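Asks: Next comes the structure file my_file00.cif, holding mmCIF, C-alpha atoms.
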data_final
loop_
_atom_site.group_PDB
_atom_site.id
_atom_site.type_symbol
_atom_site.label_atom_id
_atom_site.label_comp_id
_atom_site.auth_asym_id
_atom_site.auth_seq_id
_atom_site.Cartn_x
_atom_site.Cartn_y
_atom_site.Cartn_z
ATOM 1 C CA MET A 1 -20.649 24.224 -13.699
ATOM 2 C CA ASP A 2 -19.555 22.781 -10.389
ATOM 3 C CA ALA A 3 -17.589 24.630 -7.712
ATOM 4 C CA GLU A 4 -14.189 23.242 -8.716
ATOM 5 C CA GLU A 5 -14.691 24.134 -12.363
ATOM 6 C CA ALA A 6 -15.785 27.599 -11.223
ATOM 7 C CA ARG A 7 -12.647 27.871 -9.060
ATOM 8 C CA ARG A 8 -10.445 27.077 -12.064
ATOM 9 C CA THR A 9 -12.302 29.513 -14.313
ATOM 10 C CA LEU A 10 -12.284 32.278 -11.720
ATOM 11 C CA THR A 11 -8.625 31.765 -10.825
ATOM 12 C CA GLU A 12 -7.614 31.979 -14.476
ATOM 13 C CA GLU A 13 -9.740 35.085 -15.032
ATOM 14 C CA ARG A 14 -8.259 36.684 -11.910
ATOM 15 C CA ARG A 15 -4.739 36.008 -13.178
ATOM 16 C CA ARG A 16 -5.627 37.545 -16.540
ATOM 17 C CA LEU A 17 -7.156 40.630 -14.921
ATOM 18 C CA VAL A 18 -4.116 41.143 -12.702
ATOM 19 C CA GLU A 19 -1.910 41.043 -15.805
ATOM 20 C CA VAL A 20 -4.194 43.489 -17.631
ATOM 21 C CA GLY A 21 -4.219 45.798 -14.617
ATOM 22 C CA ASP A 22 -0.439 45.685 -14.290
ATOM 23 C CA PHE A 23 -0.020 46.422 -17.997
ATOM 24 C CA ASN A 24 -2.506 49.304 -17.891
ATOM 25 C CA ARG A 25 -0.778 50.861 -14.883
ATOM 26 C CA GLU A 26 2.599 50.588 -16.636
ATOM 27 C CA GLN A 27 1.184 52.251 -19.747
ATOM 28 C CA GLN A 28 -0.899 54.855 -17.929
ATOM 29 C CA PRO A 29 0.111 58.373 -18.880
ATOM 30 C CA GLU A 30 1.199 60.680 -16.113
ATOM 31 C CA PRO A 31 -1.331 63.383 -15.317
ATOM 32 C CA ALA A 32 -0.225 66.675 -16.806
ATOM 33 C CA VAL A 33 -1.495 68.766 -13.901
ATOM 34 C CA GLU A 34 1.693 70.782 -13.654
ATOM 35 C CA GLN A 35 1.311 71.710 -17.327
ATOM 36 C CA GLU A 36 -2.211 73.046 -17.015
ATOM 37 C CA GLY A 37 -2.294 76.391 -18.679
ATOM 38 C CA ALA A 38 1.409 76.196 -19.408
ATOM 39 C CA MET A 39 2.646 78.458 -22.148
ATOM 40 C CA GLY A 40 3.220 76.574 -25.336
ATOM 41 C CA GLN A 41 0.800 73.727 -24.673
ATOM 42 C CA HIS A 42 -2.218 73.701 -26.912
ATOM 43 C CA PRO A 43 -5.462 73.350 -24.913
ATOM 44 C CA GLY A 44 -6.483 70.440 -27.155
ATOM 45 C CA ASP A 45 -3.279 68.585 -26.285
ATOM 46 C CA TYR A 46 -3.933 69.109 -22.606
ATOM 47 C CA GLY A 47 -7.524 67.888 -23.035
ATOM 48 C CA THR A 48 -6.304 64.760 -24.817
ATOM 49 C CA GLU A 49 -3.841 64.022 -22.010
ATOM 50 C CA VAL A 50 -6.554 64.448 -19.378
ATOM 51 C CA GLU A 51 -8.923 62.182 -21.320
ATOM 52 C CA GLU A 52 -6.269 59.468 -21.705
ATOM 53 C CA PHE A 53 -5.502 59.639 -17.992
ATOM 54 C CA MET A 54 -9.196 59.425 -17.084
ATOM 55 C CA ASP A 55 -9.755 56.468 -19.447
ATOM 56 C CA ALA A 56 -6.800 54.587 -17.970
ATOM 57 C CA ASP A 57 -7.995 55.354 -14.443
ATOM 58 C CA ALA A 58 -11.504 54.097 -15.255
ATOM 59 C CA MET A 59 -10.068 50.875 -16.714
ATOM 60 C CA ASP A 60 -7.996 50.382 -13.565
ATOM 61 C CA ASP A 61 -11.098 50.837 -11.392
ATOM 62 C CA PHE A 62 -13.088 48.398 -13.544
ATOM 63 C CA THR A 63 -10.327 45.780 -13.377
ATOM 64 C CA ARG A 64 -10.020 46.193 -9.609
ATOM 65 C CA ARG A 65 -13.798 45.747 -9.131
ATOM 66 C CA GLN A 66 -13.759 42.596 -11.278
ATOM 67 C CA ILE A 67 -10.924 41.139 -9.177
ATOM 68 C CA GLU A 68 -12.855 41.964 -5.985
ATOM 69 C CA GLU A 69 -15.929 40.135 -7.356
ATOM 70 C CA ILE A 70 -13.800 37.115 -8.236
ATOM 71 C CA ASP A 71 -12.160 37.095 -4.793
ATOM 72 C CA ALA A 72 -15.605 37.183 -3.176
ATOM 73 C CA ALA A 73 -16.752 34.259 -5.360
ATOM 74 C CA LEU A 74 -13.645 32.255 -4.420
ATOM 75 C CA ARG A 75 -14.426 32.885 -0.733
ATOM 76 C CA ARG A 76 -17.986 31.628 -1.326
ATOM 77 C CA ILE A 77 -16.573 28.485 -2.950
ATOM 78 C CA ASP A 78 -14.363 27.975 0.117
ATOM 79 C CA ASP A 79 -17.225 28.414 2.574
ATOM 80 C CA GLY A 80 -19.695 26.338 0.532
ATOM 81 C CA SER A 81 -22.130 29.125 -0.301
ATOM 82 C CA TRP A 82 -21.130 29.553 -3.960
ATOM 83 C CA GLY A 83 -24.012 29.045 -6.367
ATOM 84 C CA ARG A 84 -26.595 30.350 -3.927
ATOM 85 C CA CYS A 85 -28.097 33.830 -3.929
ATOM 86 C CA VAL A 86 -26.701 36.001 -1.125
ATOM 87 C CA VAL A 87 -30.168 37.534 -0.687
ATOM 88 C CA CYS A 88 -32.579 34.586 -0.704
ATOM 89 C CA SER A 89 -30.223 31.552 -0.544
ATOM 90 C CA ARG A 90 -31.921 29.928 -3.547
ATOM 91 C CA GLU A 91 -29.705 28.242 -6.105
ATOM 92 C CA ILE A 92 -28.522 30.491 -8.910
ATOM 93 C CA ASP A 93 -29.469 28.906 -12.223
ATOM 94 C CA ALA A 94 -26.730 26.985 -14.031
ATOM 95 C CA GLU A 95 -26.935 29.136 -17.165
ATOM 96 C CA ARG A 96 -26.211 32.268 -15.139
ATOM 97 C CA LEU A 97 -23.290 30.637 -13.323
ATOM 98 C CA GLU A 98 -21.877 29.334 -16.586
ATOM 99 C CA ALA A 99 -21.906 32.838 -18.055
ATOM 100 C CA ARG A 100 -20.802 34.585 -14.860
ATOM 101 C CA PRO A 101 -19.357 32.249 -12.231
ATOM 102 C CA GLN A 102 -18.803 35.181 -9.864
ATOM 103 C CA ALA A 103 -22.558 35.904 -9.773
ATOM 104 C CA GLU A 104 -23.728 36.312 -6.204
ATOM 105 C CA ARG A 105 -27.431 36.897 -6.798
ATOM 106 C CA CYS A 106 -30.190 35.035 -8.599
ATOM 107 C CA ARG A 107 -31.584 36.795 -11.654
ATOM 108 C CA GLU A 108 -34.534 38.196 -9.722
ATOM 109 C CA HIS A 109 -32.403 39.835 -7.045
ATOM 110 C CA GLN A 110 -29.783 41.038 -9.532
ATOM 111 C CA GLU A 111 -32.500 42.746 -11.578
ATOM 112 C CA GLU A 112 -33.936 44.240 -8.395
ATOM 113 C CA LEU A 113 -30.487 45.594 -7.460
ATOM 114 C CA GLU A 114 -30.004 47.087 -10.927
ATOM 115 C CA ARG A 115 -33.442 48.752 -10.856
ATOM 116 C CA SER A 116 -32.763 50.293 -7.453
ATOM 117 C CA SER A 117 -29.382 51.689 -8.472
ATOM 118 C CA ARG A 118 -30.711 53.672 -11.438
#
Here is the file; what I need is its structure written in the form of structure tokens.
Replies:
Amino acid sequence: MDAEEARRTLTEERRRLVEVGDFNREQQPEPAVEQEGAMGQHPGDYGTEVEEFMDADAMDDFTRRQIEEIDAALRRIDDGSWGRCVVCSREIDAERLEARPQAERCREHQEELERSSR
């Protein structure tokens, strides 16, 4: 995958994620904080509402992080550093870039990052 193909792929994925994020925010239930402990509301109903709100909030966070990763990759394409590891500057293998064009680390440094964040 070359940089221009990556730009097209990333731009399309960014557009899709923005649409998903917009849809999720429109559909997100309002938190029922003011109803907590309210007479007449079954505790299970309240728990379900809280869970739905938390799930929607987590999806929004995930979508936002994905967009941030894509934006960073697009900046690397613009400055000519896309396809190189941000840690060691070695080329990221083509298979990894094909699967994840926003990858910013080679496999070795990505695995190292994942091990250290456990």
Asks: If the PyMOL selection byres ((chain A and resi 109-113) around 12) is run on the structure shown, which residues does it catch, given as a list in words?
Replies: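 Given this file, the PyMOL selection byres ((chain A and resi 109-113) around 12) evaluates to Arg84, Cys85, Val86, Val87, Cys88, Ser89, Arg90, Glu91, Ile92, Arg96, Ala103, Glu104, Arg105, Cys106, Arg107, Glu108, Glu114, Arg115, Ser116, Ser117 and Arg118 of chain A.
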Asks: Could the residues in this selection be saved with C-alpha atoms as a PDB file, in the coordinates of the input?
Replies:
ATOM      1  CA  ARG A  84     -26.595  30.350  -3.927  1.00  0.00           C
ATOM      2  CA  CYS A  85     -28.097  33.830  -3.929  1.00  0.00           C
ATOM      3  CA  VAL A  86     -26.701  36.001  -1.125  1.00  0.00           C
ATOM      4  CA  VAL A  87     -30.168  37.534  -0.687  1.00  0.00           C
ATOM      5  CA  CYS A  88     -32.579  34.586  -0.704  1.00  0.00           C
ATOM      6  CA  SER A  89     -30.223  31.552  -0.544  1.00  0.00           C
ATOM      7  CA  ARG A  90     -31.921  29.928  -3.547  1.00  0.00           C
ATOM      8  CA  GLU A  91     -29.705  28.242  -6.105  1.00  0.00           C
ATOM      9  CA  ILE A  92     -28.522  30.491  -8.910  1.00  0.00           C
ATOM     10  CA  ARG A  96     -26.211  32.268 -15.139  1.00  0.00           C
ATOM     11  CA  ALA A 103     -22.558  35.904  -9.773  1.00  0.00           C
ATOM     12  CA  GLU A 104     -23.728  36.312  -6.204  1.00  0.00           C
ATOM     13  CA  ARG A 105     -27.431  36.897  -6.798  1.00  0.00           C
ATOM     14  CA  CYS A 106     -30.190  35.035  -8.599  1.00  0.00           C
ATOM     15  CA  ARG A 107     -31.584  36.795 -11.654  1.00  0.00           C
ATOM     16  CA  GLU A 108     -34.534  38.196  -9.722  1.00  0.00           C
ATOM     17  CA  GLU A 114     -30.004  47.087 -10.927  1.00  0.00           C
ATOM     18  CA  ARG A 115     -33.442  48.752 -10.856  1.00  0.00           C
ATOM     19  CA  SER A 116     -32.763  50.293  -7.453  1.00  0.00           C
ATOM     20  CA  SER A 117     -29.382  51.689  -8.472  1.00  0.00           C
ATOM     21  CA  ARG A 118     -30.711  53.672 -11.438  1.00  0.00           C
TER      22      ARG A 118
END
Asks: Enumerate, as a VMD selection string, the residues matched when the PyMOL selection byres ((chain A and resi 98) around 10) is run on the file above.
Replies: chain A and resid 1 to 2 5 to 6 9 93 to 97 99 to 103
Asks: Using the chain letters and numbering of this document, enumerate as JSON, numbers by chain the residues selected by the PyMOL selection byres ((chain A and resi 58-69) around 8).
Replies: {"A": [14, 17, 18, 20, 21, 24, 25, 54, 55, 56, 57, 70, 71, 72, 73, 102]}
Asks: What does the distance between CA of Arg8 in chain A and CA of Phe23 in chain A come to in Å, to one decimal place?
Replies: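 Going from CA of Arg8 in chain A over to CA of Phe23 in chain A covers 22.8 Å.
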Asks: What is the CA of Thr11 in chain A-CA of Glu26 in chain A distance in Å, reported with one decimal?
Replies: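 These two atoms are separated by 22.7 Å.
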